[in-house]
Structure formats: C-alpha cells, structure tokens
Amino acid sequence: MIKNIILFAAVLLSIGVLLSGVSAQVKVKNKELKNLAGNWEGELEYLDYQNDKSKTRLKLRSLNTVKAGKVLQSIVYLEPNGKEVKSGGSFALSPDGRHIIEEKIKWTITKNSFDKLAKTRTIVYETKWKDNDRNADLRETMIIGGDEFSVTKEVRYENTTDFFVRNTHRYKRK
C-alpha cells in the first residue's frame with residue numbers, strides 16, 4: 001500500500017515537472033514589438049574589447065520600422081571625433097514567437113513580462129555564441145516603454161560563473 005502511494009506520488013511529480021517545462025516556454029507576440037517603431041536618439045555605452053574595463057559612450061540616432069514581427073534598424077553613431085558612422089541591423093520573431101532570429105544567431109526568449117505601473121515590457125533572450133573570439137553565454141534584455149527603450153547585452157565566458165555587461169543601447173523617442 002505504501003509502495004503504491006509512493007509510486008503514485010512519483011508519477012504525479014514527474015507529470016508536474018513535464019507540464020511545467022511545457023508551460024515555461026516563453027513567447028513574444030508581434031504586437032508587443034510595435035512600440036519599437038519610430039525615430040529615436042540616445043546613447044551606446046560599451047565595454048572596450050581590448051581590456052574589458054574601459055567604458056565608452058557614443059551618441060546615436062535610430063530609425064526603426066516594425067512589420068510582421070520583423071524589426072529593421074538604421075543606426076547612426078556619432079564618434080568622439082564628430083564623424084558619423086552608419087550601421088544597422090534587423091531581427092525577427094520566429095513563427096512560434098519563442099525565438100528571436102538576428103542574422104546568424106538564434107536567441108531563445110526566456111522572459112516576457114509587462115510592468116503595469118511603469119508601462120514597460122521586458123523581454124529577455126539568450127544564446128550561446130562568441131564574444132571577443134571566446135565561447136560565451138549571451139543574454140540580452142530589452143525594455144520597451146512608450147517613449148523609450150533599451151537593450152543591454154550581458155556576457156558570461158565559458159568556464160566562468162558571472163555575467164558582465166558588454167553594452168547598453170538607450171533610446172528616447174524624437
């Protein structure tokens with residue numbers, strides 16, 4: 001009798017673990033990215049790749065378009081010498097909304113929450129890739145508000161325990 005109860009409890013626990021894994025898959029919907037569209041200005045703060053200590057800040061502008069889960073960015077960075085450097089990129093949601101695809105990198109979305117008080121959406125996505133020619137876990141946190149948003153990239157090198165912030169883009173709507 002006790003063996004049956006223990007076996008039954010173990011089966012219930014196993015089913016619970018399996019179901020929690022299924023429900024833990026985080027999704028983002030196309031409409032949750034719509035506030036990224038528009039003209040933005042702000043700054044990039046990044047940690048120098050040469051020494052992983054020096055921080056540099058650059059002013060920037062960005063024109064973003066959002067269509068069907070795809071975000072296109074046209075960015076202009078203002079170098080310390082006054083020279084403008086044009087850049088850009090794009091990312092898209094996977095059809096199931098569980099991944100962000102950015103060029104060759106597939107990120108897994110691990111968090112999607114909305115703070116009603118601050119009126120901000122926080123989306124966290126992670127992948128394994130390289131940083132500074134070293135294998136690393138990468139984590140990006142995007143915070144989207146009505147008139148501002150930011151993206152912070154964190155890095156944890158293979159065989160280390162802590163993440164560090166590689167860069168942060170901060171924008172305000174023009």
# chains A, B, ... in the order shown; residues from 1 in each chain; ligands from 1
>>> select_by_dssp(residues="range 37-174 of chain A", states="strand (DSSP E or B)", output="VMD selection string")
chain A and resid 38 to 47 55 to 67 70 to 78 84 to 93 99 to 102 105 to 115 120 to 131 134 to 144 148 to 157 164 to 173
>>> atom_distance(atom1="CA of Glu45 in chain A", atom2="CA of His169 in chain A")
6.6 Å
>>> residues_around(residues="Lys83 in chain A", least_positions_apart="5", cutoff="12 Å", atoms="only C-alpha atoms", output="ChimeraX atom specification")
/A:58-60,76-78
>>> write_last_selection(atoms="N, CA and C atoms", output="compact mmCIF listing (two decimals), in the first residue's frame")
# COMPACT_ATOMS: atom_id res chain seq x y z
N LEU A 58 28.80 56.70 -26.83
CA LEU A 58 28.60 57.36 -28.11
C LEU A 58 27.15 57.78 -28.23
N LYS A 59 26.92 58.97 -28.78
CA LYS A 59 25.56 59.38 -29.09
C LYS A 59 25.12 58.63 -30.34
N LEU A 60 23.81 58.41 -30.46
CA LEU A 60 23.31 57.69 -31.63
C LEU A 60 21.89 58.11 -31.96
N VAL A 76 22.81 55.54 -36.70
CA VAL A 76 23.94 56.43 -36.95
C VAL A 76 24.60 56.70 -35.61
N TYR A 77 25.88 56.32 -35.48
CA TYR A 77 26.66 56.58 -34.27
C TYR A 77 27.51 57.81 -34.49
N LEU A 78 27.65 58.64 -33.47
CA LEU A 78 28.50 59.82 -33.53
C LEU A 78 29.79 59.52 -32.77
>>> atom_distance(atom1="CA of Asn39 in chain A", atom2="CA of Arg61 in chain A")
7.6 Å
>>> residues_around(residues="Ala68 in chain A", least_positions_apart="4", cutoff="10 Å", atoms="only C-alpha atoms", output="ChimeraX atom specification")
/A:29-31,33-34,92-93
>>> write_last_selection(atoms="N, CA, C and O atoms", output="CSV table (one decimal), in the first residue's frame")
chain,number,residue,atom,x,y,z
A,29,LYS,N,4.7,38.2,-28.9
A,29,LYS,CA,3.7,38.4,-30.0
A,29,LYS,C,4.2,39.6,-30.8
A,29,LYS,O,4.8,40.5,-30.2
A,30,ASN,N,3.9,39.6,-32.1
A,30,ASN,CA,4.3,40.7,-32.9
A,30,ASN,C,3.9,42.1,-32.4
A,30,ASN,O,4.6,43.0,-32.4
A,31,LYS,N,2.6,42.1,-31.8
A,31,LYS,CA,2.1,43.4,-31.3
A,31,LYS,C,2.9,43.9,-30.2
A,31,LYS,O,2.9,45.1,-29.9
A,33,LEU,N,6.1,44.2,-30.0
A,33,LEU,CA,7.2,44.9,-30.5
A,33,LEU,C,6.9,46.2,-31.2
A,33,LEU,O,7.8,47.0,-31.6
A,34,LYS,N,5.6,46.5,-31.4
A,34,LYS,CA,5.2,47.7,-32.2
A,34,LYS,C,5.7,49.0,-31.7
A,34,LYS,O,6.0,49.9,-32.5
A,92,ALA,N,14.0,39.3,-36.2
A,92,ALA,CA,12.6,38.8,-36.4
A,92,ALA,C,12.3,37.8,-35.4
A,92,ALA,O,13.1,37.1,-34.8
A,93,LEU,N,11.0,37.8,-35.1
A,93,LEU,CA,10.5,36.7,-34.2
A,93,LEU,C,10.3,35.4,-35.1
A,93,LEU,O,10.0,35.5,-36.2
>>> closest_residue(among="A:Lys172, A:Tyr125, A:Glu140, A:Glu154", to="Leu63 in chain A", atoms="only C-alpha atoms")
A:Lys172
>>> atom_distance(atom1="CA of Lys27 in chain A", atom2="CA of Ile109 in chain A")
6.7 Å
>>> closest_residue(among="A:Lys119, A:Asn112, A:Gln25, A:Lys130", to="Met142 in chain A", atoms="only C-alpha atoms")
A:Asn112
>>> closest_residue(among="A:Glu79, A:Glu32, A:Glu158, A:Glu126", to="Val66 in chain A", atoms="only C-alpha atoms")
A:Glu32
>>> closest_residue(among="A:Gln73, A:Asn167, A:Gln50, A:Thr161", to="Glu102 in chain A", atoms="only C-alpha atoms")
A:Gln73
>>> closest_residue(among="A:Ile101, A:Leu36, A:Val165, A:Val28", to="Ser150 in chain A", atoms="only C-alpha atoms")
A:Leu36
>>> closest_residue(among="A:Pro95, A:Gly82, A:Gly42, A:Gly146", to="Ser62 in chain A", atoms="only C-alpha atoms")
A:Gly42
>>> select_by_dssp(residues="chain A", states="helix (DSSP H, G or I)", output="PyMOL selection string")
chain A and resi 2-23+30-36
>>> residues_around(residues="Tyr46 in chain A", least_positions_apart="6", cutoff="7 Å", atoms="only C-alpha atoms", output="number ranges by chain")
A: 55-57, 166-168
